[in-house]
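File shown: query-v9.pdb. Contents: PDB, C-alpha atoms and all ligand atoms.
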```pdb
MODEL        1
ATOM      1  CA  MET A   1      98.697 118.145 152.676
ATOM      2  CA  THR A   2     101.185 118.494 149.804
ATOM      3  CA  ARG A   3     100.023 116.805 146.668
ATOM      4  CA  ALA A   4     102.181 114.565 144.478
ATOM      5  CA  LYS A   5     103.587 116.154 141.315
ATOM      6  CA  ALA A   6     102.934 114.923 137.784
ATOM      7  CA  PHE A   7     105.090 115.967 134.830
ATOM      8  CA  LEU A   8     103.334 116.252 131.459
ATOM      9  CA  ILE A   9     105.870 115.910 128.672
ATOM     10  CA  ARG A  10     103.301 116.709 125.951
ATOM     11  CA  PRO A  11     100.111 118.758 126.104
ATOM     12  CA  LEU A  12      97.029 116.552 126.524
ATOM     13  CA  PRO A  13      93.403 117.400 125.729
ATOM     14  CA  ALA A  14      92.191 120.104 128.141
ATOM     15  CA  THR A  15      89.632 117.691 129.621
ATOM     16  CA  VAL A  16      92.398 115.238 130.514
ATOM     17  CA  GLU A  17      94.747 117.901 131.869
ATOM     18  CA  ALA A  18      91.929 119.212 134.060
ATOM     19  CA  ALA A  19      91.267 115.715 135.407
ATOM     20  CA  ILE A  20      94.965 115.169 136.144
ATOM     21  CA  ALA A  21      95.084 118.519 137.937
ATOM     22  CA  THR A  22      92.362 117.400 140.351
ATOM     23  CA  HIS A  23      94.725 114.707 141.636
ATOM     24  CA  PHE A  24      98.251 116.045 141.118
ATOM     25  CA  ASP A  25     100.196 119.275 141.008
ATOM     26  CA  VAL A  26     100.889 119.503 137.308
ATOM     27  CA  VAL A  27     104.267 120.485 135.847
ATOM     28  CA  ARG A  28     104.193 121.020 132.074
ATOM     29  CA  ALA A  29     107.036 120.865 129.591
ATOM     30  CA  GLU A  30     107.144 123.825 127.235
ATOM     31  CA  GLY A  31     106.107 123.245 123.633
ATOM     32  CA  ASP A  32     104.928 119.983 122.125
ATOM     33  CA  ARG A  33     107.876 117.817 121.154
ATOM     34  CA  ILE A  34     109.989 114.861 122.178
ATOM     35  CA  LEU A  35     112.343 115.850 125.009
ATOM     36  CA  SER A  36     115.971 114.849 125.471
ATOM     37  CA  ALA A  37     116.863 112.758 128.519
ATOM     38  CA  ALA A  38     118.372 115.860 130.144
ATOM     39  CA  GLU A  39     115.142 117.815 129.587
ATOM     40  CA  VAL A  40     113.035 115.004 131.068
ATOM     41  CA  LEU A  41     115.282 114.878 134.111
ATOM     42  CA  GLU A  42     115.074 118.602 134.590
ATOM     43  CA  GLY A  43     111.286 118.767 134.199
ATOM     44  CA  ALA A  44     110.386 115.602 136.100
ATOM     45  CA  ARG A  45     112.686 116.061 139.077
ATOM     46  CA  GLY A  46     110.718 115.328 142.242
ATOM     47  CA  CYS A  47     107.629 114.103 140.303
ATOM     48  CA  ARG A  48     105.794 110.966 141.304
ATOM     49  CA  VAL A  49     104.210 110.476 137.882
ATOM     50  CA  VAL A  50     105.367 111.256 134.352
ATOM     51  CA  PHE A  51     102.884 111.318 131.460
ATOM     52  CA  VAL A  52     104.523 110.576 128.106
ATOM     53  CA  SER A  53     103.358 109.827 124.590
ATOM     54  CA  ALA A  54     104.414 107.526 121.755
ATOM     55  CA  MET A  55     108.046 107.953 120.665
ATOM     56  CA  GLN A  56     109.218 109.683 123.878
ATOM     57  CA  PRO A  57     112.213 107.616 125.047
ATOM     58  CA  MET A  58     112.064 106.665 128.734
ATOM     59  CA  GLY A  59     115.292 104.762 129.112
ATOM     60  CA  ARG A  60     117.039 103.173 132.048
ATOM     61  CA  GLU A  61     119.160 106.228 132.926
ATOM     62  CA  VAL A  62     116.106 108.467 133.113
ATOM     63  CA  ILE A  63     114.118 105.985 135.206
ATOM     64  CA  ALA A  64     117.093 105.495 137.530
ATOM     65  CA  ALA A  65     117.893 109.195 137.868
ATOM     66  CA  LEU A  66     114.292 110.042 138.832
ATOM     67  CA  GLN A  67     114.442 107.796 141.889
ATOM     68  CA  PRO A  68     113.307 107.655 144.574
ATOM     69  CA  GLU A  69     110.325 109.920 143.744
ATOM     70  CA  LEU A  70     109.169 108.478 140.393
ATOM     71  CA  LYS A  71     106.532 105.803 140.948
ATOM     72  CA  ALA A  72     104.543 105.718 137.704
ATOM     73  CA  VAL A  73     104.906 106.364 133.984
ATOM     74  CA  GLY A  74     101.686 106.790 132.018
ATOM     75  CA  THR A  75     102.017 106.610 128.269
ATOM     76  CA  VAL A  76      99.096 107.994 126.298
ATOM     77  CA  SER A  77      99.665 105.468 123.524
ATOM     78  CA  VAL A  78      99.052 101.824 122.703
ATOM     79  CA  GLY A  79     102.719 101.340 121.795
ATOM     80  CA  TYR A  80     105.220 101.138 124.631
ATOM     81  CA  ASN A  81     108.408 100.314 122.778
ATOM     82  CA  HIS A  82     109.803 103.685 123.904
ATOM     83  CA  ILE A  83     109.804 102.672 127.577
ATOM     84  CA  ASP A  84     112.394 100.440 129.231
ATOM     85  CA  LEU A  85     109.988  98.148 131.075
ATOM     86  CA  GLU A  86     112.778  96.084 132.559
ATOM     87  CA  ALA A  87     114.276  99.156 134.198
ATOM     88  CA  CYS A  88     110.806 100.205 135.411
ATOM     89  CA  ARG A  89     110.288  96.791 137.008
ATOM     90  CA  GLU A  90     113.697  96.964 138.612
ATOM     91  CA  TYR A  91     113.070 100.398 140.134
ATOM     92  CA  GLY A  92     109.480  99.647 141.145
ATOM     93  CA  VAL A  93     107.973 102.103 138.647
ATOM     94  CA  SER A  94     104.502 101.091 137.420
ATOM     95  CA  VAL A  95     103.682 101.684 133.753
ATOM     96  CA  PHE A  96     100.220 102.332 132.294
ATOM     97  CA  TYR A  97      99.193 102.603 128.637
ATOM     98  CA  SER A  98      96.032 103.139 126.600
ATOM     99  CA  PRO A  99      95.035 100.096 124.522
ATOM    100  CA  GLY A 100      91.574  99.400 123.121
ATOM    101  CA  VAL A 101      90.092 102.885 123.160
ATOM    102  CA  LEU A 102      92.043 103.859 120.043
ATOM    103  CA  SER A 103      91.433 100.771 117.915
ATOM    104  CA  ASP A 104      88.551 102.225 115.891
ATOM    105  CA  ALA A 105      90.320 105.510 115.177
ATOM    106  CA  CYS A 106      93.503 103.696 114.122
ATOM    107  CA  ALA A 107      91.521 101.334 111.911
ATOM    108  CA  ASP A 108      89.717 104.260 110.266
ATOM    109  CA  LEU A 109      93.070 105.838 109.453
ATOM    110  CA  ALA A 110      94.500 102.567 108.138
ATOM    111  CA  VAL A 111      91.542 102.256 105.760
ATOM    112  CA  MET A 112      92.044 105.885 104.725
ATOM    113  CA  LEU A 113      95.656 105.020 103.865
ATOM    114  CA  VAL A 114      94.594 101.950 101.876
ATOM    115  CA  LEU A 115      91.973 103.934  99.961
ATOM    116  CA  ASN A 116      94.168 106.946  99.291
ATOM    117  CA  ALA A 117      97.106 104.855  98.160
ATOM    118  CA  ALA A 118      95.038 102.451  96.050
ATOM    119  CA  ARG A 119      92.740 105.068  94.503
ATOM    120  CA  ARG A 120      95.401 107.781  94.323
ATOM    121  CA  GLY A 121      93.292 110.171  96.386
ATOM    122  CA  HIS A 122      96.159 112.555  97.177
ATOM    123  CA  GLU A 123      97.240 112.790  93.529
ATOM    124  CA  ALA A 124      93.670 113.420  92.464
ATOM    125  CA  GLU A 125      93.226 116.201  94.998
ATOM    126  CA  ALA A 126      96.536 117.801  94.041
ATOM    127  CA  LEU A 127      95.480 117.793  90.381
ATOM    128  CA  VAL A 128      92.251 119.636  91.104
ATOM    129  CA  ARG A 129      94.025 122.167  93.337
ATOM    130  CA  SER A 130      96.727 122.760  90.727
ATOM    131  CA  GLY A 131      94.166 124.262  88.353
ATOM    132  CA  LYS A 132      95.562 121.990  85.623
ATOM    133  CA  TRP A 133      92.798 119.389  85.531
ATOM    134  CA  PRO A 134      91.929 118.990  81.859
ATOM    135  CA  GLY A 135      88.502 117.513  82.669
ATOM    136  CA  TYR A 136      87.075 113.982  82.791
ATOM    137  CA  SER A 137      89.218 111.308  81.197
ATOM    138  CA  ASN A 138      88.862 107.554  80.741
ATOM    139  CA  VAL A 139      92.535 106.986  81.354
ATOM    140  CA  GLN A 140      93.430 109.462  84.061
ATOM    141  CA  LEU A 141      94.552 108.520  87.581
ATOM    142  CA  LEU A 142      93.603 104.874  87.306
ATOM    143  CA  GLY A 143      93.920 103.103  90.641
ATOM    144  CA  ILE A 144      93.224  99.751  92.218
ATOM    145  CA  GLY A 145      89.806  98.699  93.545
ATOM    146  CA  LEU A 146      89.339  97.017  96.901
ATOM    147  CA  THR A 147      86.566  94.583  96.039
ATOM    148  CA  GLY A 148      87.759  91.031  95.451
ATOM    149  CA  ARG A 149      91.349  91.846  96.379
ATOM    150  CA  ARG A 150      93.201  90.432  99.387
ATOM    151  CA  ALA A 151      94.307  92.383 102.428
ATOM    152  CA  GLY A 152      97.202  90.925 104.416
ATOM    153  CA  ILE A 153      97.132  92.128 107.997
ATOM    154  CA  LEU A 154     100.361  91.718 109.949
ATOM    155  CA  GLY A 155      99.405  91.778 113.623
ATOM    156  CA  MET A 156      95.818  90.781 114.380
ATOM    157  CA  GLY A 157      95.382  92.517 117.722
ATOM    158  CA  ARG A 158      92.493  94.837 118.458
ATOM    159  CA  ILE A 159      93.565  97.312 115.771
ATOM    160  CA  GLY A 160      94.148  94.584 113.176
ATOM    161  CA  GLN A 161      90.703  93.142 113.866
ATOM    162  CA  ALA A 162      89.062  96.560 113.554
ATOM    163  CA  ILE A 163      90.821  97.053 110.200
ATOM    164  CA  ALA A 164      89.667  93.601 109.052
ATOM    165  CA  ALA A 165      86.054  94.359 110.012
ATOM    166  CA  ARG A 166      86.134  97.550 107.948
ATOM    167  CA  LEU A 167      87.866  96.095 104.894
ATOM    168  CA  ARG A 168      85.380  93.218 104.794
ATOM    169  CA  GLY A 169      82.740  95.842 104.097
ATOM    170  CA  PHE A 170      84.599  96.679 100.886
ATOM    171  CA  GLY A 171      84.420  93.048  99.767
ATOM    172  CA  THR A 172      88.136  92.579 100.417
ATOM    173  CA  GLU A 173      89.347  89.091 101.399
ATOM    174  CA  ILE A 174      91.078  89.168 104.774
ATOM    175  CA  HIS A 175      94.307  87.280 105.491
ATOM    176  CA  TYR A 176      96.477  87.663 108.571
ATOM    177  CA  HIS A 177      99.614  86.626 110.335
ATOM    178  CA  ASN A 178      99.892  86.820 114.087
ATOM    179  CA  ARG A 179     101.938  85.081 116.759
ATOM    180  CA  ARG A 180      98.952  82.809 117.236
ATOM    181  CA  GLN A 181      95.764  81.977 115.394
ATOM    182  CA  LEU A 182      92.748  83.787 116.820
ATOM    183  CA  SER A 183      89.137  82.654 116.987
ATOM    184  CA  ALA A 184      88.050  86.326 116.853
ATOM    185  CA  ALA A 185      89.774  86.584 113.468
ATOM    186  CA  GLU A 186      88.057  83.432 112.192
ATOM    187  CA  GLU A 187      84.736  85.049 113.107
ATOM    188  CA  LEU A 188      85.737  87.904 110.801
ATOM    189  CA  GLY A 189      86.242  85.359 108.033
ATOM    190  CA  ALA A 190      89.997  85.969 108.062
ATOM    191  CA  THR A 191      92.430  83.323 106.823
ATOM    192  CA  TYR A 192      95.411  82.602 109.073
ATOM    193  CA  HIS A 193      98.939  82.269 107.700
ATOM    194  CA  ALA A 194     101.422  80.640 110.032
ATOM    195  CA  SER A 195     104.369  82.471 108.504
ATOM    196  CA  ALA A 196     104.726  86.117 107.573
ATOM    197  CA  GLU A 197     106.157  85.104 104.170
ATOM    198  CA  GLU A 198     103.016  83.130 103.368
ATOM    199  CA  LEU A 199     100.960  86.199 104.224
ATOM    200  CA  LEU A 200     103.076  88.449 101.997
ATOM    201  CA  ARG A 201     102.471  86.178  99.008
ATOM    202  CA  VAL A 202      98.726  86.932  99.108
ATOM    203  CA  SER A 203      98.848  90.567 100.250
ATOM    204  CA  ASP A 204      97.474  92.819  97.525
ATOM    205  CA  PHE A 205      97.140  95.311 100.384
ATOM    206  CA  LEU A 206      99.744  94.716 103.066
ATOM    207  CA  VAL A 207      98.750  96.443 106.305
ATOM    208  CA  LEU A 208     101.450  96.599 108.971
ATOM    209  CA  CYS A 209      99.794  97.062 112.362
ATOM    210  CA  ALA A 210     101.815  94.856 114.706
ATOM    211  CA  PRO A 211     103.380  96.443 117.792
ATOM    212  CA  GLY A 212     106.899  97.794 117.201
ATOM    213  CA  THR A 213     109.282  95.149 118.525
ATOM    214  CA  PRO A 214     112.989  94.481 117.875
ATOM    215  CA  GLU A 215     112.003  91.330 115.923
ATOM    216  CA  LEU A 216     110.069  93.460 113.428
ATOM    217  CA  HIS A 217     112.913  95.928 112.875
ATOM    218  CA  ARG A 218     113.172  96.429 109.067
ATOM    219  CA  PHE A 219     110.715  93.564 108.569
ATOM    220  CA  LEU A 220     109.638  94.783 105.145
ATOM    221  CA  ASN A 221     112.973  94.459 103.361
ATOM    222  CA  ARG A 222     113.942  93.753  99.722
ATOM    223  CA  GLU A 223     113.507  89.992 100.012
ATOM    224  CA  ARG A 224     110.036  90.287 101.494
ATOM    225  CA  ILE A 225     108.916  92.958  99.039
ATOM    226  CA  ALA A 226     109.939  90.556  96.257
ATOM    227  CA  VAL A 227     107.364  88.083  97.579
ATOM    228  CA  LEU A 228     104.414  90.517  97.383
ATOM    229  CA  PRO A 229     101.972  90.200  94.461
ATOM    230  CA  GLU A 230     102.509  92.588  91.544
ATOM    231  CA  ASN A 231     100.935  96.004  92.138
ATOM    232  CA  ALA A 232     100.689  95.583  95.886
ATOM    233  CA  VAL A 233      99.851  98.491  98.167
ATOM    234  CA  VAL A 234     101.777  98.821 101.449
ATOM    235  CA  VAL A 235     100.279 100.553 104.484
ATOM    236  CA  ASN A 236     102.107 101.177 107.754
ATOM    237  CA  VAL A 237     100.394 102.199 111.010
ATOM    238  CA  SER A 238     102.813 100.253 113.206
ATOM    239  CA  ARG A 239     106.223 101.860 113.740
ATOM    240  CA  GLY A 240     108.415 103.403 111.055
ATOM    241  CA  ASP A 241     111.371 101.108 111.572
ATOM    242  CA  THR A 242     109.244  98.103 110.582
ATOM    243  CA  VAL A 243     110.014  99.124 107.006
ATOM    244  CA  ASP A 244     113.400  99.182 105.289
ATOM    245  CA  ASP A 245     113.019 102.596 103.646
ATOM    246  CA  ASP A 246     115.678 101.976 100.974
ATOM    247  CA  ALA A 247     113.880  98.825  99.861
ATOM    248  CA  LEU A 248     110.375 100.334  99.853
ATOM    249  CA  ILE A 249     111.462 103.505  98.063
ATOM    250  CA  GLU A 250     113.230 101.447  95.397
ATOM    251  CA  ALA A 251     110.090  99.320  94.910
ATOM    252  CA  LEU A 252     107.835 102.391  94.732
ATOM    253  CA  LYS A 253     110.129 104.015  92.177
ATOM    254  CA  SER A 254     110.317 100.948  89.973
ATOM    255  CA  GLY A 255     106.571 100.303  90.226
ATOM    256  CA  ARG A 256     107.164  96.883  91.849
ATOM    257  CA  VAL A 257     104.947  98.228  94.634
ATOM    258  CA  PHE A 258     102.005 100.220  93.265
ATOM    259  CA  ALA A 259     101.683 102.661  96.154
ATOM    260  CA  ALA A 260     102.147 103.114  99.877
ATOM    261  CA  GLY A 261     100.249 104.838 102.664
ATOM    262  CA  LEU A 262     102.429 105.718 105.651
ATOM    263  CA  ASP A 263     101.537 107.208 109.024
ATOM    264  CA  VAL A 264     104.785 106.379 110.845
ATOM    265  CA  TYR A 265     108.464 106.935 110.051
ATOM    266  CA  ALA A 266     111.814 105.670 111.276
ATOM    267  CA  ASN A 267     113.104 108.988 112.672
ATOM    268  CA  GLU A 268     110.018 111.024 113.358
ATOM    269  CA  PRO A 269     109.431 113.855 112.815
ATOM    270  CA  ALA A 270     112.137 113.551 110.152
ATOM    271  CA  LEU A 271     111.332 111.206 107.316
ATOM    272  CA  ASP A 272     113.334 109.985 104.391
ATOM    273  CA  PRO A 273     113.073 112.954 101.967
ATOM    274  CA  ARG A 274     112.767 110.580  99.018
ATOM    275  CA  TYR A 275     109.224 109.737 100.153
ATOM    276  CA  ILE A 276     108.219 113.353  99.667
ATOM    277  CA  GLU A 277     109.320 113.278  96.045
ATOM    278  CA  LEU A 278     107.327 110.157  95.215
ATOM    279  CA  GLU A 279     103.816 110.632  93.893
ATOM    280  CA  ASN A 280     102.695 107.121  94.735
ATOM    281  CA  VAL A 281     103.014 107.582  98.500
ATOM    282  CA  PHE A 282     100.288 109.020 100.688
ATOM    283  CA  LEU A 283     101.860 110.467 103.849
ATOM    284  CA  THR A 284     100.204 111.351 107.150
ATOM    285  CA  PRO A 285     101.968 112.659 110.288
ATOM    286  CA  HIS A 286     101.418 109.850 112.854
ATOM    287  CA  ILE A 287      97.748 110.672 113.396
ATOM    288  CA  ALA A 288      96.157 107.224 113.570
ATOM    289  CA  SER A 289      94.527 107.867 116.965
ATOM    290  CA  ALA A 290      94.038 111.606 116.452
ATOM    291  CA  THR A 291      90.342 112.177 117.071
ATOM    292  CA  THR A 292      89.073 114.375 119.889
ATOM    293  CA  ASP A 293      87.117 111.561 121.538
ATOM    294  CA  THR A 294      89.915 109.051 121.207
ATOM    295  CA  ARG A 295      92.625 111.252 122.662
ATOM    296  CA  HIS A 296      90.327 112.110 125.569
ATOM    297  CA  ALA A 297      89.627 108.416 126.161
ATOM    298  CA  MET A 298      93.332 107.526 125.945
ATOM    299  CA  GLY A 299      94.358 110.152 128.488
ATOM    300  CA  MET A 300      91.559 109.246 130.889
ATOM    301  CA  LEU A 301      92.343 105.535 130.639
ATOM    302  CA  VAL A 302      95.947 106.191 131.629
ATOM    303  CA  LEU A 303      95.002 108.533 134.490
ATOM    304  CA  ASN A 304      92.346 106.139 135.778
ATOM    305  CA  GLY A 305      94.820 103.266 135.642
ATOM    306  CA  ILE A 306      97.243 105.212 137.829
ATOM    307  CA  LEU A 307      94.492 106.157 140.279
ATOM    308  CA  ALA A 308      93.137 102.609 140.431
ATOM    309  CA  HIS A 309      96.598 101.267 141.126
ATOM    310  CA  ASP A 310      97.039 103.839 143.897
ATOM    311  CA  ALA A 311      93.755 102.599 145.356
ATOM    312  CA  GLY A 312      95.126  99.056 145.511
ATOM    313  CA  GLU A 313      93.444  97.707 142.385
ATOM    314  CA  ALA A 314      95.081  95.940 139.442
ATOM    315  CA  PRO A 315      93.993  97.882 136.349
ATOM    316  CA  GLU A 316      94.027  96.046 133.015
ATOM    317  CA  ASN A 317      96.120  98.736 131.362
ATOM    318  CA  GLN A 318      99.051  98.294 133.729
ATOM    319  CA  LEU A 319     102.109  96.913 131.945
ATOM    320  CA  CYS A 320     104.264  96.418 135.030
TER     321      CYS A 320
HETATM  322  O1  LIG B   1     101.629 105.413 117.918
HETATM  323  C1  LIG B   1     100.762 105.663 118.693
HETATM  324  C2  LIG B   1     100.464 104.827 119.804
HETATM  325  O2  LIG B   1     101.252 103.934 120.112
HETATM  326  O3  LIG B   1      99.406 105.045 120.423
ENDMDL
END
```
Please re-express this file's structure in structure tokens.
Amino acid sequence: MTRAKAFLIRPLPATVEAAIATHFDVVRAEGDRILSAAEVLEGARGCRVVFVSAMQPMGREVIAALQPELKAVGTVSVGYNHIDLEACREYGVSVFYSPGVLSDACADLAVMLVLNAARRGHEAEALVRSGKWPGYSNVQLLGIGLTGRRAGILGMGRIGQAIAARLRGFGTEIHYHNRRQLSAAEELGATYHASAEELLRVSDFLVLCAPGTPELHRFLNRERIAVLPENAVVVNVSRGDTVDDDALIEALKSGRVFAAGLDVYANEPALDPRYIELENVFLTPHIASATTDTRHAMGMLVLNGILAHDAGEAPENQLC
């Protein structure tokens, strides 16, 4: 019996690729990068399943052109803003994603960004490596402590809650804004703010971790930055376009914002080159979920969702 074909746009952990290969004939894209629509069409022609990752556009034309064979898209990511769900629904293509299993890894990274930005970890390391460290000083590389300060979490989903749980351990007060107030957040001792502006006013550490949606496009603009407390730290593990880069860069240059920690960028892998020149920004290359265990769990969750659906079940990680 001929087996269905699955197209892998990006390499996945070997354990996951091996598991996929027990169920499908695997077709792999060369390299490890975002593909153009034409490249997806070429690689995925005749495939029943396409595995994608965050940031890989799967638009209407691609979904339509892969008919009638394409039946499922599996995105090894918690974000799914890169997939046209409406088109998938229309063409009867099921979509699976990987929420939950990455929350702890993403929260760890968010805390790393807060700590590095607030305590100037990257500047400190660069100084030691430069060979120019003059020795201990009472006034060198002074940062901002976490204890007693307020974290403002925008988006209190699973990742936001995991960040809150960690920051509480530092003695940081937790505030959040979310579409709705959550009892799970109250249990974490977090204070709800009905409007994002109210949250900004108390955010010594603003942590953006809401899903990337059109409503949040350029959310952190000049007007909103003006509302932040003096010496605020901004952290973004959401999507790059949640931030108005011109506004944030201006605020980082002037010192209106003390520092930023960024894992995501508007035009990845390109980023605004002005960030690279700023010392008060800690930059990571979209690695929030990048641990061996997490990436294995993400890939397996997506594969198992597809298999469960094929077996007539309704897996929780099915988007449509
Ligand atoms: O950005 C990464 C993801 O959505 O999992």
>> Expand the PyMOL selection byres (((not hetatm)) within 6 of (chain B and resi 1)) into the explicit residue set it covers here, and present it as a ChimeraX atom specification.
In response: /A:54,77-79
List every residue of segment 30-110 of chain A that has an atom at most 10 Å from any atom of segment 257-274 of chain A, giving for each one its closest atom pair and the distance in Å to one decimal, counting only C-alpha atoms, sorted by chain and then by ascending residue number, as CSV.
```
residue,atom,partner,partner_atom,distance
A:Arg33,CA,A:Pro269,CA,9.4
A:Ile34,CA,A:Pro269,CA,9.4
A:Met55,CA,A:Glu268,CA,8.2
A:Leu109,CA,A:Asp263,CA,8.6
A:Ala110,CA,A:Gly261,CA,8.3
```
>> Running the PyMOL selection byres (((chain A and resi 202) around 9) and not hetatm) on this model by hand, what would come out? Give it as a PyMOL selection string.
In response: chain A and resi 150-152+175+198-201+203-206+227-229
>> Taking only C-alpha atoms into account, name the residue in A:His82, A:Glu30, A:Ala65, A:Gly157 that is nearest to Pro214 of chain A.
In response: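 Answer, going by the shortest atom-to-atom distance: A:His82.
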> Pick from A:Gly155, A:Glu173, A:Ile225, A:Gly312: nearest to Ala194 of chain A, with only C-alpha atoms counted?
Replying inline: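 Checking each of A:Gly155, A:Glu173, A:Ile225, A:Gly312 against Ala194 of chain A, counting only C-alpha atoms, the winner is A:Gly155.
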>> Please determine, counting all atoms listed in the file, which residue among A:Val73, A:Ile249, A:Leu188, A:Ile287 has the shortest atom-to-atom distance to Tyr275 of chain A.
In response: A:Ile249
> So which residues touch Arg295 of chain A within 10 Å, counting all atoms listed in the file, skipping near sequence neighbours fewer than 3 positions away, as a ChimeraX atom specification?
Replying inline: /A:12-13,15-16,76-77,98,101-102,105,289-292,298-301
